[in-house]
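To start, the structure under review is shown below, and the notes come after it.
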Amino acid sequence: MYRYDQIDQTLVDERVAQFRDQTRRFLAGELSEDEFRPLRLRNGLYIQRHAPMLRISIPYGLLSTVQLRKLAHIARTYDHGYAHFTTRQNVQYNWPALERVPDILAELATVQMHAIQTSGNSIRNITADPLAGVAPDELIDPRPYCELIRQWVALNPEFSYLPRKFKIALTASPADRAALEIHDVGVRLKRGPQGDIGFEILAGGGLGRTPILAKPIRAFLPQGDLLAYLEAILRVYNRYGRRDNIHKARIKILVRSLGVEEFTRQVEQEFEASREFGPHLSQQEVARMSAFFVPPPYQTLPDTVPPIGGRSTGDPGYDAWLRYNTRGHKMPGYRIVYVSLKKHGEPPGDITAEQMEAVAQLADRVSFGMLRVTHDQNLVLPDVPQRELLAVWRELERLGLAMPNIGTLTDLICCPGLDFCSLANAGSIGVAKQIQARFDDMDYLYDLGPIEIKMSGCMNACGHHHIGHIGILGVDKHGKEWYQITIGGSSTSPAALGEVIGPSVPKEQVAETIERLIEVYLREREADDERFLDVVRRLGVEPFQERVYETNHIPA
Amino acid sequence: MRQIIFRREPVEDTARYPGEEAEPGTRPVLTSSQFLAAASAGELAGGGAAVLIGPTDELASLAPHLALLSLIVVDFPKLGDGRGFSQARMLRQRYFYSGELRARGVLKRDQMFFLARCGFDSFDLDPNEDLRAAIAALDTFSVAYQEGSETVIQLQRRAPAA
């Protein structure tokens with residue numbers, strides 16, 4: 001993990017002092033609400049339905065137990081005793097008092113954390129594969145590049161007032177657990193013909209009102225040019241992205257209106273014109289950064305877990321947990337463990353202060369004091385020795401964090417919705433509970449195979465509904481909550497945007513609608529391993545539409 | 001009389017923007033089209049001209065004539081419009097403009113640090129802003145990660161890895 005030196009620490013400390021003064025000026029009436037808004041947003045502070053909401057950056061999802069304990073302390077001291085992990089590997093508090101936010105930021109700075117650029121029209125937290133560095137299918141560890149980009153992005157003076165928010169994601173694995181194609185810029189690590197490290201660059205993706213998948217604009221960018229090329233993209237966007245209409249201001253609209261070829265030409269031209277002055281990434285810089293991400297002191301251990309799906313351990317609960325909530329590790333004798341924040345009946349992504357502290361204790365004991373935050377709103381213990389798995393399961397069970405549903409229908413992701421967010425049309429959390437209650441039979445759930453449900457309370461698509469195998473979008477109809485259902489979306493390569501199945505359905509019938517989609521899937525699948533998504537791709541939406549709307553059970 | 005910040009000092013401004021009345025002892029600031037026409041006609045051979053550019057003005061047309069200019073005013077017409085940051089950075093970094101570079105518009109102390117880092121050394125802020133506080137805000141941060149074009153602040157950066 002990256003560790004701050006005096007430069008990094010000074011920067012976050014000075015940022016706290018700056019925001020403390022800005023807050024003071026606002027409270028004293030020296031700054032208007034309009035003047036304060038862009039300043040507070042650049043520190044992750046929204047004014048929400050009940051109270052401000054503070055979003056804290058967890059760079060590329062890496063979290064130490066020292067930091068997690070601090071998050072628990074903040075939840076208890078400044079909030080209502082819990083926190084919410086988001087779809088962008090960040091963490092949010094829903095009840096802080098505005099006057100105390102500078103104190104929260106000061107506490108965070110003591111554990112090398114901040115809220116810089118977690119909102120506003122700026123470059124947001126860098127996201128990455130949550131299994132970076134431990135996944136068996138990884139080509140190169142992306143984390144040193146994530147940190148190099150994080151530093152280049154932090155308080156970048158030229159790109160702090162962009163037309164709109166800007167999100168960058170990295171992955172180095174064919175499975176693409178970072179959903180590159182829905183980002184403003186996606187960076188895929190790869191090796192060139194001589195084995196040299198470089199990047200494929202994608203640009204122009206994003207969800208929201210106008211979902212568009214990112215397109216490749218550079219097949220292979222040499223390592224040394226990474227930051228200069230990002231600078232060229234950002235400069236073209238900063239100068240030519242639309243500023244007259246907030247809904248048309250993302251880079252995806254610029255790429256679409258210019259056409260990907262013309263956009264690429266402009267970026268390449270800017271890159272050529274400025275490369276000799278732009279930031280160059282030296283091999284020495286990469287080496288220095290890579291030294292922060294050396295593997296922890298793994299022991300030489302035998303594999304002791306029976307092959308998943310094979311011999312039973314004798315305890316069906318443990319079997320299910322092993323199968324669904326753990327993953328293979330690049331090191332023999334170790335496994336990756338998901339800490340499920342999707343217990344049925346609880347808001348997805350929420351965790352209490354007590355749970356955070358207990359998970360920190362567990363990670364100290366069995367995972368080198370490190371954790372990951374996933375964009376599916378779960379936590380991960382990345383380096384668990386297999387001989388500890390039974391004890392880890394028991395402890396997570398005790399904590400209510402062992403719901404064996406990772407990758408299943410009830411591992412759904414959702415935004416905070418009407419319960420907290422002032423933008424939302426819909427109570428996403430209530431709908432999540434309705435779905436979890438309907439699909440509470442675990443054997444049935446397992447029979448359905450991997451299904452991703454993603455739900456957003458409004459068009460802003462924080463819950464990434466467009467790329468859910470089943471997407472649920474809250475819409476307001478005459479002051480009532482209705483839900484538009486899409487099917488066939490996917491976040492992993494090849495990513496796809498879901499198709500709307502028909503008129504939206506009332507809140508009470510969301511779970512029923514999903515049940516009907518599942519019925520069609522079970523009827524039509526040709527093999528047990530043909531996933532819901534595969535069936536939708538094979539048959540299209542029609543058979544699903546027919547079943548959902550076949551009776552007037554669901555009024556149009 | 002308009003007060004601006006030049007380098008790190010509050011000073012009375014002698015520049016008169018397009019549309020403002022010129023008095024003895026003041027210097028006119030041309031619009032970019034006025035400037036380009038005058039420069040092409042050879043009317044500015046003595047140098048020392050001043051121009052006001054807006055967010056959509058292209059720098060490439062200005063670039064051949066930069067030697068004629070000793071003041072470029074970059075307009076920030078709206079809160080949150082950040083195009084002027086890129087214009088300043090390009091003027092300093094790519095076109096080697098070394099004269100006075102002024103940010104003018106809807107700006108307060110909260111933007112001073114970023115403005116200075118992009119190469120501005122002259123600041124015509126919101127008329128209600130406290131200039132002493134704005135000058136102090138240049139030193140909000142003492143460190144930076146990125147290379148910049150700053151001339152009015154000094155920053156500590158990490159030494160390149162050897």
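How things are named: the first chain in the structure tokens is A, the next is B, and so on; residues count from 1 in each chain; ligands count from 1 in the order shown.
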
Cut-off 8 Å: closest chain B/chain A atom pairs per residue, using only C-alpha atoms, as JSON lines:
```
{"residue": "B:Pro55", "atom": "CA", "partner": "A:Arg239", "partner_atom": "CA", "distance": 7.9}
{"residue": "B:Thr56", "atom": "CA", "partner": "A:Arg239", "partner_atom": "CA", "distance": 7.7}
{"residue": "B:Leu79", "atom": "CA", "partner": "A:Glu35", "partner_atom": "CA", "distance": 8.0}
{"residue": "B:Gly80", "atom": "CA", "partner": "A:Tyr161", "partner_atom": "CA", "distance": 5.5}
{"residue": "B:Asp81", "atom": "CA", "partner": "A:Tyr161", "partner_atom": "CA", "distance": 6.2}
{"residue": "B:Gly82", "atom": "CA", "partner": "A:Tyr161", "partner_atom": "CA", "distance": 4.5}
{"residue": "B:Arg83", "atom": "CA", "partner": "A:Arg239", "partner_atom": "CA", "distance": 5.4}
{"residue": "B:Phe85", "atom": "CA", "partner": "A:Glu158", "partner_atom": "CA", "distance": 5.1}
{"residue": "B:Ser86", "atom": "CA", "partner": "A:Glu158", "partner_atom": "CA", "distance": 5.7}
{"residue": "B:Arg89", "atom": "CA", "partner": "A:Glu158", "partner_atom": "CA", "distance": 7.2}
{"residue": "B:Gln93", "atom": "CA", "partner": "A:Phe277", "partner_atom": "CA", "distance": 6.7}
{"residue": "B:Arg94", "atom": "CA", "partner": "A:Ser274", "partner_atom": "CA", "distance": 6.7}
{"residue": "B:Asp110", "atom": "CA", "partner": "A:Leu39", "partner_atom": "CA", "distance": 8.0}
{"residue": "B:Phe113", "atom": "CA", "partner": "A:Pro157", "partner_atom": "CA", "distance": 7.9}
{"residue": "B:Phe114", "atom": "CA", "partner": "A:Pro157", "partner_atom": "CA", "distance": 4.6}
{"residue": "B:Leu115", "atom": "CA", "partner": "A:Pro157", "partner_atom": "CA", "distance": 7.2}
{"residue": "B:Arg117", "atom": "CA", "partner": "A:Pro157", "partner_atom": "CA", "distance": 6.2}
{"residue": "B:Cys118", "atom": "CA", "partner": "A:Pro157", "partner_atom": "CA", "distance": 6.4}
{"residue": "B:Thr140", "atom": "CA", "partner": "A:Gln18", "partner_atom": "CA", "distance": 6.6}
{"residue": "B:Phe141", "atom": "CA", "partner": "A:Glu14", "partner_atom": "CA", "distance": 5.9}
{"residue": "B:Ser142", "atom": "CA", "partner": "A:Leu11", "partner_atom": "CA", "distance": 7.6}
{"residue": "B:Val143", "atom": "CA", "partner": "A:Leu11", "partner_atom": "CA", "distance": 6.1}
{"residue": "B:Ala144", "atom": "CA", "partner": "A:Leu11", "partner_atom": "CA", "distance": 7.3}
{"residue": "B:Tyr145", "atom": "CA", "partner": "A:Gln151", "partner_atom": "CA", "distance": 6.0}
{"residue": "B:Gln146", "atom": "CA", "partner": "A:Trp152", "partner_atom": "CA", "distance": 5.8}
{"residue": "B:Glu147", "atom": "CA", "partner": "A:Pro279", "partner_atom": "CA", "distance": 7.4}
{"residue": "B:Gln156", "atom": "CA", "partner": "A:Ile7", "partner_atom": "CA", "distance": 7.6}
{"residue": "B:Arg157", "atom": "CA", "partner": "A:Ile7", "partner_atom": "CA", "distance": 7.2}
{"residue": "B:Arg158", "atom": "CA", "partner": "A:Ile7", "partner_atom": "CA", "distance": 7.0}
{"residue": "B:Pro160", "atom": "CA", "partner": "A:Glu285", "partner_atom": "CA", "distance": 7.0}
{"residue": "B:Ala161", "atom": "CA", "partner": "A:Glu285", "partner_atom": "CA", "distance": 5.4}
{"residue": "B:Ala162", "atom": "CA", "partner": "A:Gln284", "partner_atom": "CA", "distance": 6.2}
```

Selected residues written out with C-alpha atoms, as a short mmCIF file (atom, residue, chain, number, x, y, z; two decimals), in the first residue's frame:
```cif
data_model
loop_
_atom_site.label_atom_id
_atom_site.label_comp_id
_atom_site.auth_asym_id
_atom_site.auth_seq_id
_atom_site.Cartn_x
_atom_site.Cartn_y
_atom_site.Cartn_z
CA PRO B 55 -12.87 31.04 -23.19
CA THR B 56 -13.50 30.09 -26.82
CA LEU B 79 -18.22 30.64 -11.79
CA GLY B 80 -16.85 27.21 -12.59
CA ASP B 81 -15.77 27.86 -16.18
CA GLY B 82 -12.25 26.42 -16.17
CA ARG B 83 -11.22 26.92 -19.78
CA PHE B 85 -6.77 27.49 -16.77
CA SER B 86 -5.86 25.51 -19.89
CA ARG B 89 -1.04 26.77 -19.06
CA GLN B 93 4.21 26.09 -21.30
CA ARG B 94 3.85 25.70 -25.05
CA ASP B 110 -10.41 30.15 -3.51
CA PHE B 113 -3.67 28.95 -5.93
CA PHE B 114 -4.81 27.14 -9.07
CA LEU B 115 -4.59 30.33 -11.12
CA ARG B 117 -0.05 27.41 -10.70
CA CYS B 118 -1.29 27.72 -14.27
CA THR B 140 -2.79 27.91 0.73
CA PHE B 141 -0.55 25.03 -0.25
CA SER B 142 3.20 24.77 0.09
CA VAL B 143 3.51 21.51 -1.88
CA ALA B 144 2.35 20.12 -5.21
CA TYR B 145 2.49 16.88 -7.12
CA GLN B 146 2.43 18.22 -10.68
CA GLU B 147 4.82 20.45 -12.52
CA GLN B 156 8.01 21.99 -2.61
CA ARG B 157 7.89 18.95 -4.91
CA ARG B 158 9.20 15.45 -4.55
CA PRO B 160 12.51 12.75 -9.19
CA ALA B 161 13.44 9.16 -8.43
CA ALA B 162 17.06 8.51 -9.31
#
```

From region 8-160 of chain B, collect each residue whose DSSP state is helix (DSSP H, G or I) and return the set as a compact mmCIF listing (two decimals) with N, CA and C atoms, in the first residue's frame.
```txt
# COMPACT_ATOMS: atom_id res chain seq x y z
N SER B 32 -9.64 40.30 -29.00
CA SER B 32 -8.71 39.48 -29.77
C SER B 32 -8.82 39.78 -31.26
N SER B 33 -10.03 40.09 -31.76
CA SER B 33 -10.12 40.39 -33.20
C SER B 33 -9.47 41.74 -33.52
N GLN B 34 -9.64 42.74 -32.63
CA GLN B 34 -8.93 44.02 -32.83
C GLN B 34 -7.42 43.80 -32.86
N PHE B 35 -6.98 42.98 -31.91
CA PHE B 35 -5.54 42.76 -31.81
C PHE B 35 -5.01 42.06 -33.07
N LEU B 36 -5.71 41.02 -33.51
CA LEU B 36 -5.23 40.27 -34.68
C LEU B 36 -5.21 41.16 -35.92
N ALA B 37 -6.24 42.00 -36.06
CA ALA B 37 -6.27 42.91 -37.21
C ALA B 37 -5.11 43.89 -37.15
N ALA B 38 -4.89 44.48 -35.98
CA ALA B 38 -3.81 45.47 -35.84
C ALA B 38 -2.45 44.82 -36.03
N ALA B 39 -2.30 43.61 -35.49
CA ALA B 39 -1.01 42.93 -35.61
C ALA B 39 -0.73 42.59 -37.07
N SER B 40 -1.75 42.12 -37.78
CA SER B 40 -1.57 41.76 -39.19
C SER B 40 -1.27 43.00 -40.03
N LEU B 59 -5.73 29.82 -29.28
CA LEU B 59 -4.41 30.42 -29.05
C LEU B 59 -3.53 30.34 -30.29
N ALA B 60 -3.84 29.40 -31.17
CA ALA B 60 -2.96 29.20 -32.32
C ALA B 60 -2.87 30.46 -33.18
N SER B 61 -4.00 31.22 -33.31
CA SER B 61 -3.97 32.43 -34.14
C SER B 61 -3.21 33.56 -33.43
N LEU B 62 -3.23 33.51 -32.10
CA LEU B 62 -2.54 34.54 -31.32
C LEU B 62 -1.02 34.29 -31.29
N ALA B 63 -0.67 33.02 -31.35
CA ALA B 63 0.70 32.60 -31.06
C ALA B 63 1.77 33.34 -31.88
N PRO B 64 1.57 33.55 -33.20
CA PRO B 64 2.64 34.19 -33.97
C PRO B 64 2.91 35.63 -33.54
N HIS B 65 1.97 36.23 -32.78
CA HIS B 65 2.08 37.65 -32.45
C HIS B 65 2.38 37.89 -30.97
N LEU B 66 2.73 36.86 -30.26
CA LEU B 66 2.88 37.01 -28.81
C LEU B 66 3.94 38.03 -28.43
N ALA B 67 4.97 38.20 -29.30
CA ALA B 67 6.05 39.13 -28.97
C ALA B 67 5.55 40.58 -28.91
N LEU B 68 4.40 40.82 -29.53
CA LEU B 68 3.85 42.18 -29.52
C LEU B 68 3.11 42.50 -28.23
N ARG B 83 -11.98 26.95 -18.52
CA ARG B 83 -11.22 26.92 -19.78
C ARG B 83 -9.98 27.80 -19.71
N GLY B 84 -10.08 28.91 -18.96
CA GLY B 84 -8.94 29.82 -18.85
C GLY B 84 -7.71 29.19 -18.20
N PHE B 85 -7.93 28.16 -17.38
CA PHE B 85 -6.77 27.49 -16.77
C PHE B 85 -5.92 26.82 -17.86
N SER B 86 -6.61 26.16 -18.81
CA SER B 86 -5.86 25.51 -19.89
C SER B 86 -5.21 26.55 -20.80
N GLN B 87 -5.93 27.66 -21.06
CA GLN B 87 -5.34 28.70 -21.92
C GLN B 87 -4.05 29.25 -21.30
N ALA B 88 -4.09 29.49 -20.00
CA ALA B 88 -2.90 30.03 -19.33
C ALA B 88 -1.74 29.04 -19.39
N ARG B 89 -2.08 27.80 -19.08
CA ARG B 89 -1.04 26.77 -19.06
C ARG B 89 -0.38 26.65 -20.44
N MET B 90 -1.20 26.70 -21.48
CA MET B 90 -0.65 26.57 -22.83
C MET B 90 0.18 27.81 -23.20
N LEU B 91 -0.28 28.99 -22.82
CA LEU B 91 0.48 30.20 -23.13
C LEU B 91 1.86 30.15 -22.50
N ARG B 92 1.92 29.69 -21.26
CA ARG B 92 3.22 29.65 -20.58
C ARG B 92 4.09 28.48 -21.04
N GLN B 93 3.45 27.31 -21.13
CA GLN B 93 4.21 26.09 -21.30
C GLN B 93 4.58 25.82 -22.75
N ARG B 109 -10.61 34.32 -3.78
CA ARG B 109 -9.36 33.80 -3.22
C ARG B 109 -9.24 32.29 -3.39
N ASP B 110 -10.41 31.61 -3.44
CA ASP B 110 -10.41 30.15 -3.51
C ASP B 110 -9.82 29.62 -4.82
N GLN B 111 -9.74 30.45 -5.83
CA GLN B 111 -9.13 30.02 -7.09
C GLN B 111 -7.69 30.50 -7.24
N MET B 112 -7.20 31.32 -6.32
CA MET B 112 -5.89 31.96 -6.49
C MET B 112 -4.76 30.95 -6.69
N PHE B 113 -4.78 29.91 -5.87
CA PHE B 113 -3.67 28.95 -5.93
C PHE B 113 -3.62 28.27 -7.30
N PHE B 114 -4.77 27.80 -7.77
CA PHE B 114 -4.81 27.14 -9.07
C PHE B 114 -4.43 28.11 -10.20
N LEU B 115 -4.93 29.33 -10.10
CA LEU B 115 -4.59 30.33 -11.12
C LEU B 115 -3.08 30.55 -11.18
N ALA B 116 -2.49 30.74 -10.01
CA ALA B 116 -1.05 30.99 -9.97
C ALA B 116 -0.28 29.80 -10.54
N ARG B 117 -0.76 28.60 -10.22
CA ARG B 117 -0.05 27.41 -10.70
C ARG B 117 -0.14 27.26 -12.21
N LEU B 131 -8.49 41.85 -1.05
CA LEU B 131 -7.26 41.56 -1.79
C LEU B 131 -6.15 41.02 -0.90
N ARG B 132 -6.08 41.50 0.34
CA ARG B 132 -5.05 40.97 1.26
C ARG B 132 -5.26 39.48 1.50
N ALA B 133 -6.53 39.11 1.71
CA ALA B 133 -6.85 37.69 1.93
C ALA B 133 -6.55 36.88 0.66
N ALA B 134 -6.82 37.49 -0.48
CA ALA B 134 -6.56 36.79 -1.74
C ALA B 134 -5.06 36.57 -1.94
N ILE B 135 -4.26 37.56 -1.58
CA ILE B 135 -2.81 37.40 -1.70
C ILE B 135 -2.33 36.29 -0.75
N ALA B 136 -2.87 36.30 0.46
CA ALA B 136 -2.50 35.24 1.42
C ALA B 136 -2.88 33.86 0.88
N ALA B 137 -4.00 33.79 0.13
CA ALA B 137 -4.47 32.50 -0.38
C ALA B 137 -3.52 31.90 -1.42
```

(message) Just checking: using only C-alpha atoms, which residue out of B:Val152, B:Ala41, B:Ala49, B:Leu138 ends up closest to Asp121 (chain B)?
(response)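 Closest residue, counting only C-alpha atoms: B:Val152.
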
(message) Set the distance at 9 Å and use only C-alpha atoms: which residues neighbour region 87-93 of chain A once local chain neighbours fewer than 5 positions away are removed? I'd like the list as a ChimeraX atom specification.
(response) /A:44,52-62,71,74-75,78-80,82,118,125-128,130,349,372-377,413-415,462-464

Could you please take those selected residues and save C-alpha atoms as a PDB file, in the first residue's frame?
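Result saved to out10.pdb:
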```pdb
ATOM      1  CA  GLY A  44     -17.100  15.440  -1.116  1.00  0.00           C
ATOM      2  CA  PRO A  52     -25.011  16.870   4.587  1.00  0.00           C
ATOM      3  CA  MET A  53     -23.527  13.749   3.024  1.00  0.00           C
ATOM      4  CA  LEU A  54     -19.762  13.368   3.117  1.00  0.00           C
ATOM      5  CA  ARG A  55     -18.028  11.123   0.593  1.00  0.00           C
ATOM      6  CA  ILE A  56     -14.508  10.026   1.418  1.00  0.00           C
ATOM      7  CA  SER A  57     -12.028   8.765  -1.111  1.00  0.00           C
ATOM      8  CA  ILE A  58     -10.695   5.234  -0.918  1.00  0.00           C
ATOM      9  CA  PRO A  59      -8.128   5.359  -3.697  1.00  0.00           C
ATOM     10  CA  TYR A  60      -8.609   2.338  -5.997  1.00  0.00           C
ATOM     11  CA  GLY A  61     -10.383   0.555  -3.150  1.00  0.00           C
ATOM     12  CA  LEU A  62      -7.328  -0.062  -0.952  1.00  0.00           C
ATOM     13  CA  LEU A  71     -13.884   5.153   9.630  1.00  0.00           C
ATOM     14  CA  ILE A  74     -15.962   8.718  12.615  1.00  0.00           C
ATOM     15  CA  ALA A  75     -19.215   6.763  12.209  1.00  0.00           C
ATOM     16  CA  TYR A  78     -19.845  12.208  13.970  1.00  0.00           C
ATOM     17  CA  ASP A  79     -22.586  10.078  12.449  1.00  0.00           C
ATOM     18  CA  HIS A  80     -25.263   7.565  13.387  1.00  0.00           C
ATOM     19  CA  TYR A  82     -22.626   3.358  10.422  1.00  0.00           C
ATOM     20  CA  THR A 118     -14.847  13.027  -4.441  1.00  0.00           C
ATOM     21  CA  ASN A 125     -11.325   8.928  -7.250  1.00  0.00           C
ATOM     22  CA  ILE A 126      -9.346   6.523  -9.418  1.00  0.00           C
ATOM     23  CA  THR A 127     -11.046   3.127  -9.393  1.00  0.00           C
ATOM     24  CA  ALA A 128      -9.506  -0.212 -10.188  1.00  0.00           C
ATOM     25  CA  PRO A 130     -10.612  -4.617  -6.348  1.00  0.00           C
ATOM     26  CA  GLY A 349     -23.178  -1.443   1.279  1.00  0.00           C
ATOM     27  CA  ARG A 372     -10.364  -3.894  -0.368  1.00  0.00           C
ATOM     28  CA  VAL A 373     -13.579  -2.084  -1.204  1.00  0.00           C
ATOM     29  CA  THR A 374     -15.373  -3.375  -4.303  1.00  0.00           C
ATOM     30  CA  HIS A 375     -17.644  -1.426  -6.631  1.00  0.00           C
ATOM     31  CA  ASP A 376     -20.259  -4.060  -5.875  1.00  0.00           C
ATOM     32  CA  GLN A 377     -20.377  -2.552  -2.375  1.00  0.00           C
ATOM     33  CA  ILE A 413     -26.023  -2.959  -5.810  1.00  0.00           C
ATOM     34  CA  CYS A 414     -28.017   0.146  -5.174  1.00  0.00           C
ATOM     35  CA  CYS A 415     -27.707   3.844  -4.472  1.00  0.00           C
ATOM     36  CA  CYS A 462     -25.230   5.942  -9.260  1.00  0.00           C
ATOM     37  CA  GLY A 463     -26.442   2.338  -8.982  1.00  0.00           C
ATOM     38  CA  HIS A 464     -25.223   1.619 -12.546  1.00  0.00           C
TER      39      HIS A 464
END
```

(request) Any chance you could list, as a VMD selection string, the residues in region 113-313 of chain A that come up strand (DSSP E or B) when DSSP is run on the backbone? (result) chain A and resid 123 127 to 128 166 168 to 171 185 to 191 197 to 203 206 212 215 to 222

(message) Residues near Glu20 (chain B), anyone? I mean within 12 Å using only C-alpha atoms, not counting same-chain ones fewer than 5 positions away, as number ranges by chain.
(response) B: 2, 14-15, 26-31
